[in-house]
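Q: I'm passing along coords-v4.cif; it holds mmCIF, C-alpha atoms.
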```
data_protein
loop_
_atom_site.label_atom_id
_atom_site.label_comp_id
_atom_site.auth_asym_id
_atom_site.auth_seq_id
_atom_site.Cartn_x
_atom_site.Cartn_y
_atom_site.Cartn_z
CA MET A 1 -75.91 1.39 134.69
CA GLN A 2 -75.99 0.48 131.02
CA ALA A 3 -76.32 3.20 128.44
CA ALA A 4 -76.86 3.14 124.70
CA SER A 5 -76.51 6.51 123.05
CA ARG A 6 -78.49 7.73 120.09
CA PRO A 7 -78.92 11.20 118.62
CA SER A 8 -82.26 12.85 119.21
CA PRO A 9 -84.21 14.21 116.21
CA SER A 10 -83.11 17.77 117.04
CA LYS A 11 -79.38 17.10 116.77
CA ALA A 12 -78.36 20.73 116.97
CA THR A 13 -79.79 21.34 120.43
CA ALA A 14 -80.31 17.95 122.11
CA TYR A 15 -78.78 14.54 122.67
CA SER A 16 -80.39 11.48 124.26
CA VAL A 17 -79.14 8.29 125.89
CA CYS A 18 -81.06 5.24 127.07
CA VAL A 19 -80.15 4.30 130.64
CA GLY A 20 -80.99 1.70 133.26
CA GLN A 21 -80.60 -2.06 133.51
CA ASP A 22 -83.52 -2.53 131.13
CA GLN A 23 -82.91 0.74 129.29
CA ASP A 24 -86.32 1.92 130.46
CA ARG A 25 -85.39 5.58 130.86
CA ILE A 26 -84.02 8.25 128.57
CA LEU A 27 -81.76 11.06 129.67
CA GLN A 28 -81.98 13.97 127.28
CA PHE A 29 -79.52 16.85 127.32
CA ARG A 30 -80.85 20.03 125.74
CA LEU A 31 -79.54 23.55 125.48
CA LYS A 32 -81.46 25.71 127.90
CA SER A 33 -82.21 28.03 124.99
CA SER A 34 -84.26 25.18 123.45
CA PRO A 35 -86.06 23.60 126.42
CA LEU A 36 -88.78 20.98 126.52
CA ASP A 37 -92.08 22.22 127.89
CA ALA A 38 -92.24 19.54 130.57
CA ASP A 39 -95.46 20.91 132.08
CA SER A 40 -97.28 20.73 128.74
CA ILE A 41 -95.97 17.25 127.99
CA ASN A 42 -97.10 16.02 131.40
CA LEU A 43 -100.49 17.63 130.72
CA ALA A 44 -100.63 15.52 127.55
CA GLN A 45 -99.82 12.45 129.64
CA ARG A 46 -102.72 13.18 131.97
CA ILE A 47 -105.00 13.37 128.92
CA TYR A 48 -103.65 10.48 126.86
CA GLY A 49 -102.31 8.22 129.60
CA SER A 50 -99.30 5.94 129.43
CA ARG A 51 -98.89 6.38 125.67
CA VAL A 52 -97.22 9.71 126.47
CA PRO A 53 -93.88 9.48 128.32
CA ALA A 54 -93.56 11.44 131.57
CA VAL A 55 -90.86 14.12 131.59
CA VAL A 56 -88.94 15.44 134.61
CA VAL A 57 -86.31 18.19 134.66
CA GLU A 58 -83.45 16.62 136.63
CA ALA A 59 -80.69 19.22 136.60
CA GLN A 60 -79.00 22.13 134.90
CA LEU A 61 -75.38 21.81 133.81
CA GLY A 62 -73.54 25.11 133.74
CA ASP A 63 -74.43 28.58 134.89
CA ASP A 64 -76.66 31.02 133.06
CA ASP A 65 -73.83 33.56 133.00
CA GLY A 66 -71.07 31.03 132.27
CA GLU A 67 -68.76 30.94 129.27
CA THR A 68 -70.64 28.04 127.66
CA PRO A 69 -74.43 27.77 127.20
CA PRO A 70 -76.16 25.94 130.06
CA VAL A 71 -77.70 22.52 129.41
CA LEU A 72 -80.87 21.09 130.95
CA VAL A 73 -81.05 17.37 131.76
CA TYR A 74 -84.42 15.66 131.39
CA SER A 75 -85.49 12.20 132.52
CA ILE A 76 -88.06 10.71 130.15
CA ASP A 77 -89.96 7.42 130.29
CA CYS A 78 -88.90 5.10 127.49
CA VAL A 79 -91.72 4.36 125.04
CA ARG A 80 -92.06 0.66 124.30
CA GLY A 81 -92.92 -0.95 120.99
CA THR A 82 -91.56 -0.36 117.50
CA ASP A 83 -92.06 2.85 115.60
CA PHE A 84 -94.64 2.27 112.88
CA SER A 85 -92.27 3.12 110.04
CA SER A 86 -89.78 0.44 111.13
CA PHE A 87 -92.60 -2.01 111.81
CA LEU A 88 -93.81 -1.72 108.22
CA LEU A 89 -90.28 -2.18 106.94
CA TYR A 90 -89.48 -5.29 108.99
CA ARG A 91 -92.81 -7.13 109.06
CA ASP A 92 -92.54 -10.89 109.17
CA GLU A 93 -93.64 -13.07 106.26
CA ALA A 94 -97.00 -13.86 107.88
CA MET A 95 -97.85 -10.17 107.96
CA LEU A 96 -96.73 -9.65 104.38
CA THR A 97 -98.74 -12.54 102.94
CA SER A 98 -101.93 -12.67 105.02
CA MET A 99 -104.60 -10.15 104.01
CA GLU A 100 -106.79 -11.26 106.92
CA ARG A 101 -104.03 -10.70 109.45
CA ASN A 102 -103.23 -7.30 108.00
CA ALA A 103 -106.90 -6.31 108.11
CA ALA A 104 -107.21 -7.45 111.74
CA CYS A 105 -104.13 -5.48 112.68
CA ARG A 106 -105.45 -2.34 111.00
CA ARG A 107 -108.67 -2.73 112.99
CA ASN A 108 -106.63 -2.89 116.20
CA LEU A 109 -104.76 0.28 115.37
CA THR A 110 -107.93 2.07 114.25
CA ARG A 111 -109.61 1.17 117.55
CA ASP A 112 -106.66 2.43 119.58
CA PHE A 113 -106.42 5.68 117.64
CA ALA A 114 -110.17 6.17 118.11
CA HIS A 115 -109.60 6.00 121.87
CA PHE A 116 -106.60 8.33 121.52
CA PHE A 117 -108.55 11.00 119.66
CA ALA A 118 -111.58 10.55 121.93
CA ALA A 119 -109.35 11.37 124.91
CA ALA A 120 -108.53 14.70 123.26
CA TRP A 121 -112.19 15.45 122.50
CA ASN A 122 -113.16 14.69 126.10
CA SER A 123 -110.46 16.99 127.53
CA PRO A 124 -111.04 20.39 125.88
CA ARG A 125 -108.84 23.34 126.81
CA GLN A 126 -109.67 27.01 127.03
CA LEU A 127 -107.88 29.61 124.91
CA SER A 128 -108.10 33.33 125.52
CA GLU A 129 -109.83 35.36 122.83
CA GLU A 130 -106.47 36.79 121.82
CA ASP A 131 -104.81 33.37 121.51
CA HIS A 132 -107.84 32.02 119.65
CA ALA A 133 -107.63 34.87 117.13
CA LEU A 134 -103.87 34.42 116.71
CA ASP A 135 -104.30 30.68 116.17
CA LYS A 136 -106.98 31.25 113.53
CA GLN A 137 -104.84 33.79 111.71
CA MET A 138 -101.85 31.43 111.80
CA HIS A 139 -103.83 28.70 110.03
CA ILE A 140 -105.13 31.18 107.46
CA ASP A 141 -101.62 32.50 106.82
CA ASN A 142 -100.26 28.96 106.44
CA LEU A 143 -102.90 28.12 103.86
CA GLN A 144 -102.50 31.37 101.97
CA SER A 145 -98.76 30.78 101.76
CA LEU A 146 -99.65 27.84 99.49
CA LEU A 147 -100.99 30.25 96.88
CA CYS A 148 -97.50 30.18 95.41
CA LEU A 149 -98.52 26.81 93.97
CA PRO A 150 -99.89 26.64 90.40
CA ALA A 151 -103.25 28.33 89.86
CA GLU A 152 -105.07 25.00 89.51
CA PHE A 153 -104.65 24.52 93.28
CA HIS A 154 -105.97 27.93 94.26
CA PRO A 155 -109.71 27.04 94.42
CA ILE A 156 -108.91 24.18 96.81
CA ILE A 157 -106.76 26.43 98.98
CA GLN A 158 -109.39 29.17 99.09
CA ALA A 159 -112.06 26.62 100.02
CA CYS A 160 -109.87 25.44 102.89
CA VAL A 161 -109.40 29.03 104.08
CA LYS A 162 -113.18 29.49 104.21
CA GLN A 163 -113.49 26.33 106.32
CA ILE A 164 -111.08 27.66 108.96
CA TYR A 165 -113.88 29.65 110.60
CA ALA A 166 -115.94 26.48 111.10
CA ILE A 167 -112.89 24.51 112.24
CA MET A 168 -112.06 27.11 114.88
CA ARG A 169 -115.46 26.47 116.50
CA LEU A 170 -114.41 22.90 117.32
CA PRO A 171 -113.13 22.10 120.84
CA MET A 172 -109.58 23.28 121.53
CA VAL A 173 -107.45 20.27 122.45
CA VAL A 174 -103.85 19.32 123.20
CA TYR A 175 -102.55 17.61 120.07
CA HIS A 176 -99.37 16.29 118.49
CA THR A 177 -98.55 18.56 115.55
CA ASN A 178 -96.60 16.04 113.47
CA LEU A 179 -98.02 12.58 114.11
CA ALA A 180 -96.19 10.77 111.31
CA LYS A 181 -95.57 7.02 111.16
CA GLU A 182 -92.15 7.57 112.74
CA ASP A 183 -93.79 9.16 115.76
CA PHE A 184 -95.96 6.36 117.14
CA THR A 185 -95.07 2.85 118.24
CA VAL A 186 -96.97 -0.42 117.94
CA ASP A 187 -96.66 -4.01 119.11
CA ARG A 188 -96.81 -7.12 116.92
CA GLU A 189 -100.60 -6.95 116.77
CA TYR A 190 -100.68 -3.36 115.50
CA GLN A 191 -101.85 -2.12 118.88
CA LEU A 192 -100.89 1.46 119.64
CA VAL A 193 -98.26 1.49 122.39
CA GLY A 194 -96.86 5.01 122.55
CA ILE A 195 -96.48 8.42 120.94
CA LEU A 196 -93.04 9.95 120.47
CA SER A 197 -91.69 13.49 120.02
CA TRP A 198 -94.06 15.42 122.27
CA SER A 199 -91.93 18.52 121.88
CA ARG A 200 -94.21 18.96 118.84
CA LEU A 201 -97.22 19.76 121.00
CA ALA A 202 -99.80 22.49 120.60
CA ILE A 203 -103.32 23.49 121.57
CA GLY A 204 -105.69 23.93 118.66
CA PRO A 205 -108.98 22.80 117.14
CA PHE A 206 -109.73 19.10 117.32
CA GLY A 207 -108.77 17.02 114.31
CA LEU A 208 -105.72 18.84 112.97
CA ASN A 209 -103.71 15.60 113.16
CA LEU A 210 -106.36 13.20 111.88
CA HIS A 211 -104.40 13.04 108.63
CA SER A 212 -102.06 10.64 110.44
CA LEU A 213 -104.66 7.91 109.88
CA GLU A 214 -103.75 7.96 106.19
CA GLU A 215 -100.58 6.13 107.20
CA ILE A 216 -102.74 3.21 108.34
CA TYR A 217 -105.33 3.03 105.56
CA GLY A 218 -103.07 3.08 102.52
CA HIS A 219 -99.80 4.28 101.11
CA PHE A 220 -98.44 6.89 98.74
CA SER A 221 -95.79 6.70 96.06
CA LEU A 222 -94.52 9.33 93.65
CA GLN A 223 -95.02 6.90 90.79
CA TYR A 224 -98.61 5.80 91.48
CA GLY A 225 -99.94 8.41 93.88
CA ARG A 226 -102.32 7.54 96.73
CA SER A 227 -103.49 3.94 97.04
CA ASN A 228 -105.94 2.92 99.79
CA PHE A 229 -106.40 -0.56 101.19
CA SER A 230 -109.66 -2.29 100.29
CA ASP A 231 -111.04 -1.95 103.84
CA HIS A 232 -110.26 1.75 104.32
CA LYS A 233 -113.92 2.83 104.09
CA ASP A 234 -114.99 0.30 106.71
CA LEU A 235 -112.23 1.43 109.03
#
```
In structure tokens, what does this structure look like?
A:
Amino acid sequence: MQAASRPSPSKATAYSVCVGQDQDRILQFRLKSSPLDADSINLAQRIYGSRVPAVVVEAQLGDDDGETPPVLVYSIDCVRGTDFSSFLLYRDEAMLTSMERNAACRRNLTRDFAHFFAAAWNSPRQLSEEDHALDKQMHIDNLQSLLCLPAEFHPIIQACVKQIYAIMRLPMVVYHTNLAKEDFTVDREYQLVGILSWSRLAIGPFGLNLHSLEEIYGHFSLQYGRSNFSDHKDL
């Protein structure tokens, strides 16, 4: 067995190693006090298909009443492709210089994300009235916490708070709560291959992670602000 170790994003509670002849599996060691919700992640896989890695709890190391905290061992399918952030950084010269190729690749990724979000829409979940009310209040509280920003932002924040009631009438879906460009992988043609970090999973109103598409349609810099590609409206 070959193994290549790499720290997981949550360094304080987990560590991951790639294993297997082709390094097609990941073993993740996590403190039992910070477990993965394997059932929920596998539910996401049933909804979104092979783009979500399957997770199996393989073993527990240590006893619950032992001197050291017990550790859970998970076996996770390895997600192929290159994370989008690295892909943008290491694009070949043809990608950097060809507007047509870049536009075609963005169309590929837009199509694949459309299928991804459609899978969520077509697989609604049921929340109890209590959980629904708690979820709504959480979103309101999160927005109202932004009122510490300068007063010029307050009308926008208050308008968003008013929209929460309409948003909460949308279908409840399983969604990735932090779908940044580091959290999805692509192939050389910008086709969506996989989604990483499904420990950041929740059930909530459809569309809360649609902002991730901004990573595809343009870029942001502190110096110049938001800049969209010329085809962003078509996409």
Q: Within 9 Å of (-77.6, 22.6, 127.3) (file coordinates; all atoms listed in the file), which protein or nucleic acid residues are there? I'd like them as a ChimeraX atom specification.
A: /A:13-14,29-35,60-62,68-73
Q: Please tabulate, as a tab-separated table, the residues of segment 4-57 of chain A that come within 7 Å of segment 195-215 of chain A, each with its closest pair of atoms and the distance in Å to one decimal, counting all atoms listed in the file and ordering rows by chain, then residue number upward.
A:
```
residue	atom	partner	partner_atom	distance
A:Leu36	CA	A:Ser199	CA	6.1
A:Ile41	CA	A:Trp198	CA	6.3
A:Arg51	CA	A:Ile195	CA	5.7
A:Val52	CA	A:Ile195	CA	5.7
```
Q: For Leu43 of chain A, which residue out of A:Arg25, A:Arg101, A:Arg107, A:Arg125 is the nearest one, using all atoms listed in the file?
A: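 Looking only at the distances to Leu43 of chain A, the closest residue turns out to be A:Arg125.
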Q: Name the closest residue to Gln28 of chain A among the candidates A:Tyr165, A:Asp234, A:Val56, A:Gln45; distances are taken between atoms, counting all atoms listed in the file.
A: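 Smallest distance to Gln28 of chain A is found for A:Val56.
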Q: Could you tell me, as a PyMOL selection string, exactly which residues end up selected when the PyMOL selection byres ((chain A and resi 137-140) around 10) is applied to this structure?
A: chain A and resi 131-136+141-145+157-158+160-165+168
Q: Which one is closest to Leu127 of chain A: A:Gln223, A:Arg169, A:Leu88, A:Asp24? Count all atoms listed in the file.
A: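 The closest residue to Leu127 of chain A is A:Arg169.
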Q: Can you pull out the residues contacting Ser85 of chain A? Cut-off 12 Å, using only C-alpha atoms, and skip same-chain residues under 3 positions away; I want them as number ranges by chain.
A: A: 81-82, 88-91, 179-186, 190, 215-216, 219
Q: For the point (-113.0, 12.7, 120.1) in file coordinates, what residues are within 12 Å, counting all atoms listed in the file? Give the answer as a PDB file with C-alpha atoms, keeping the file's coordinate frame?
A:
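So the final result, stored in result.pdb, reads:
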```pdb
ATOM      1  CA  ILE A  47    -105.000  13.370 128.920  1.00  0.00           C
ATOM      2  CA  TYR A  48    -103.650  10.480 126.860  1.00  0.00           C
ATOM      3  CA  PHE A 113    -106.420   5.680 117.640  1.00  0.00           C
ATOM      4  CA  ALA A 114    -110.170   6.170 118.110  1.00  0.00           C
ATOM      5  CA  HIS A 115    -109.600   6.000 121.870  1.00  0.00           C
ATOM      6  CA  PHE A 116    -106.600   8.330 121.520  1.00  0.00           C
ATOM      7  CA  PHE A 117    -108.550  11.000 119.660  1.00  0.00           C
ATOM      8  CA  ALA A 118    -111.580  10.550 121.930  1.00  0.00           C
ATOM      9  CA  ALA A 119    -109.350  11.370 124.910  1.00  0.00           C
ATOM     10  CA  ALA A 120    -108.530  14.700 123.260  1.00  0.00           C
ATOM     11  CA  TRP A 121    -112.190  15.450 122.500  1.00  0.00           C
ATOM     12  CA  ASN A 122    -113.160  14.690 126.100  1.00  0.00           C
ATOM     13  CA  SER A 123    -110.460  16.990 127.530  1.00  0.00           C
ATOM     14  CA  PRO A 124    -111.040  20.390 125.880  1.00  0.00           C
ATOM     15  CA  LEU A 170    -114.410  22.900 117.320  1.00  0.00           C
ATOM     16  CA  PRO A 171    -113.130  22.100 120.840  1.00  0.00           C
ATOM     17  CA  MET A 172    -109.580  23.280 121.530  1.00  0.00           C
ATOM     18  CA  VAL A 173    -107.450  20.270 122.450  1.00  0.00           C
ATOM     19  CA  VAL A 174    -103.850  19.320 123.200  1.00  0.00           C
ATOM     20  CA  TYR A 175    -102.550  17.610 120.070  1.00  0.00           C
ATOM     21  CA  PRO A 205    -108.980  22.800 117.140  1.00  0.00           C
ATOM     22  CA  PHE A 206    -109.730  19.100 117.320  1.00  0.00           C
ATOM     23  CA  GLY A 207    -108.770  17.020 114.310  1.00  0.00           C
ATOM     24  CA  LEU A 208    -105.720  18.840 112.970  1.00  0.00           C
ATOM     25  CA  ASN A 209    -103.710  15.600 113.160  1.00  0.00           C
ATOM     26  CA  LEU A 210    -106.360  13.200 111.880  1.00  0.00           C
TER      27      LEU A 210
END
```
Q: Separation of atom CA of Asp112 of chain A and atom CA of Ser227 of chain A, in Å?
A: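 Rounded to one decimal, the two atoms are 22.8 Å apart.
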Q: How many Å lie between atom CA of Leu109 of chain A and atom CA of Leu192 of chain A, rounded to one decimal?
A: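 Those two atoms sit 5.9 Å apart.
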Q: Taking all listed atoms of segment 80-90 of chain A, build the axis-aligned box, pad each of the six sides by 3 Å, then write its centre and edge lengths in Å to one decimal as JSON.
A:
```
{"center_x": -92.1, "center_y": -1.1, "center_z": 115.6, "size_x": 11.2, "size_y": 14.4, "size_z": 23.4}
```
Q: Can you tell me how far atom CA of Ala54 of chain A sits from atom CA of Asp39 of chain A, in Å to one decimal?
A: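 These two atoms are separated by 9.7 Å.
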Q: Rank A:Ala159, A:Glu129, A:Asp231, A:Ala104 by their smallest atom-to-atom distance to Arg188 of chain A, using all atoms listed in the file, and report the top residue only.
A: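 Comparing A:Ala159, A:Glu129, A:Asp231, A:Ala104 against Arg188 of chain A, the winner is A:Ala104.
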Q: Using only C-alpha atoms, can you tell me which of A:Val193, A:Arg106, A:Ile26, A:Cys78 comes closest to Phe229 of chain A?
A: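 Ranked by minimum distance to Phe229 of chain A, first place goes to A:Arg106.
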Q: Could you complete segment 12-47 of chain A so that it carries N, CA and C atoms, and give it back as a compact mmCIF listing (two decimals), in the frame of the given file?
A:
```
# COMPACT_ATOMS: atom_id res chain seq x y z
N ALA A 12 -79.10 19.51 116.70
CA ALA A 12 -78.36 20.73 116.97
C ALA A 12 -78.48 21.18 118.41
N THR A 13 -79.55 20.81 119.10
CA THR A 13 -79.79 21.34 120.43
C THR A 13 -79.97 20.27 121.49
N ALA A 14 -80.00 18.99 121.13
CA ALA A 14 -80.31 17.95 122.11
C ALA A 14 -79.59 16.65 121.78
N TYR A 15 -79.36 15.87 122.84
CA TYR A 15 -78.78 14.54 122.67
C TYR A 15 -79.39 13.64 123.73
N SER A 16 -79.70 12.39 123.35
CA SER A 16 -80.39 11.48 124.26
C SER A 16 -79.62 10.18 124.42
N VAL A 17 -79.70 9.61 125.63
CA VAL A 17 -79.14 8.29 125.89
C VAL A 17 -80.16 7.46 126.65
N CYS A 18 -80.23 6.18 126.32
CA CYS A 18 -81.06 5.24 127.07
C CYS A 18 -80.26 4.73 128.26
N VAL A 19 -80.87 4.69 129.43
CA VAL A 19 -80.15 4.30 130.64
C VAL A 19 -80.97 3.29 131.43
N GLY A 20 -80.32 2.66 132.40
CA GLY A 20 -80.99 1.70 133.26
C GLY A 20 -80.69 0.27 132.85
N GLN A 21 -80.87 -0.66 133.77
CA GLN A 21 -80.60 -2.06 133.51
C GLN A 21 -81.40 -2.57 132.32
N ASP A 22 -82.65 -2.12 132.24
CA ASP A 22 -83.52 -2.53 131.13
C ASP A 22 -83.67 -1.43 130.09
N GLN A 23 -82.84 -0.41 130.20
CA GLN A 23 -82.91 0.74 129.29
C GLN A 23 -84.35 1.28 129.21
N ASP A 24 -84.93 1.48 130.39
CA ASP A 24 -86.32 1.92 130.46
C ASP A 24 -86.47 3.41 130.69
N ARG A 25 -85.35 4.13 130.70
CA ARG A 25 -85.39 5.58 130.86
C ARG A 25 -84.51 6.23 129.80
N ILE A 26 -84.83 7.46 129.49
CA ILE A 26 -84.02 8.25 128.57
C ILE A 26 -83.56 9.50 129.30
N LEU A 27 -82.28 9.77 129.23
CA LEU A 27 -81.76 11.06 129.67
C LEU A 27 -81.54 11.91 128.43
N GLN A 28 -82.14 13.08 128.43
CA GLN A 28 -81.98 13.97 127.28
C GLN A 28 -81.31 15.26 127.76
N PHE A 29 -80.28 15.63 127.03
CA PHE A 29 -79.52 16.85 127.32
C PHE A 29 -79.87 17.88 126.24
N ARG A 30 -80.41 19.00 126.69
CA ARG A 30 -80.85 20.03 125.74
C ARG A 30 -80.30 21.38 126.16
N LEU A 31 -79.91 22.18 125.17
CA LEU A 31 -79.54 23.55 125.48
C LEU A 31 -80.71 24.25 126.16
N LYS A 32 -80.40 25.02 127.17
CA LYS A 32 -81.46 25.71 127.90
C LYS A 32 -82.21 26.68 126.99
N SER A 33 -81.56 27.13 125.94
CA SER A 33 -82.21 28.03 124.99
C SER A 33 -83.25 27.31 124.14
N SER A 34 -83.27 25.96 124.20
CA SER A 34 -84.26 25.18 123.45
C SER A 34 -84.86 24.11 124.37
N PRO A 35 -85.59 24.55 125.40
CA PRO A 35 -86.06 23.60 126.42
C PRO A 35 -87.28 22.81 125.97
N LEU A 36 -87.50 21.67 126.62
CA LEU A 36 -88.78 20.98 126.52
C LEU A 36 -89.78 21.67 127.44
N ASP A 37 -91.02 21.70 127.02
CA ASP A 37 -92.08 22.22 127.89
C ASP A 37 -92.61 21.04 128.70
N ALA A 38 -91.91 20.73 129.79
CA ALA A 38 -92.24 19.54 130.57
C ALA A 38 -93.66 19.61 131.12
N ASP A 39 -94.11 20.79 131.53
CA ASP A 39 -95.46 20.91 132.08
C ASP A 39 -96.51 20.55 131.03
N SER A 40 -96.31 21.03 129.80
CA SER A 40 -97.28 20.73 128.74
C SER A 40 -97.26 19.26 128.36
N ILE A 41 -96.06 18.67 128.33
CA ILE A 41 -95.97 17.25 127.99
C ILE A 41 -96.63 16.40 129.07
N ASN A 42 -96.45 16.77 130.32
CA ASN A 42 -97.10 16.02 131.40
C ASN A 42 -98.61 16.26 131.40
N LEU A 43 -99.06 17.42 130.92
CA LEU A 43 -100.49 17.63 130.72
C LEU A 43 -101.00 16.65 129.66
N ALA A 44 -100.24 16.48 128.58
CA ALA A 44 -100.63 15.52 127.55
C ALA A 44 -100.70 14.11 128.12
N GLN A 45 -99.79 13.79 129.03
CA GLN A 45 -99.82 12.45 129.64
C GLN A 45 -101.08 12.26 130.47
N ARG A 46 -101.50 13.31 131.17
CA ARG A 46 -102.72 13.18 131.97
C ARG A 46 -103.94 12.98 131.07
N ILE A 47 -103.88 13.53 129.86
CA ILE A 47 -105.00 13.37 128.92
C ILE A 47 -104.95 12.02 128.22
```
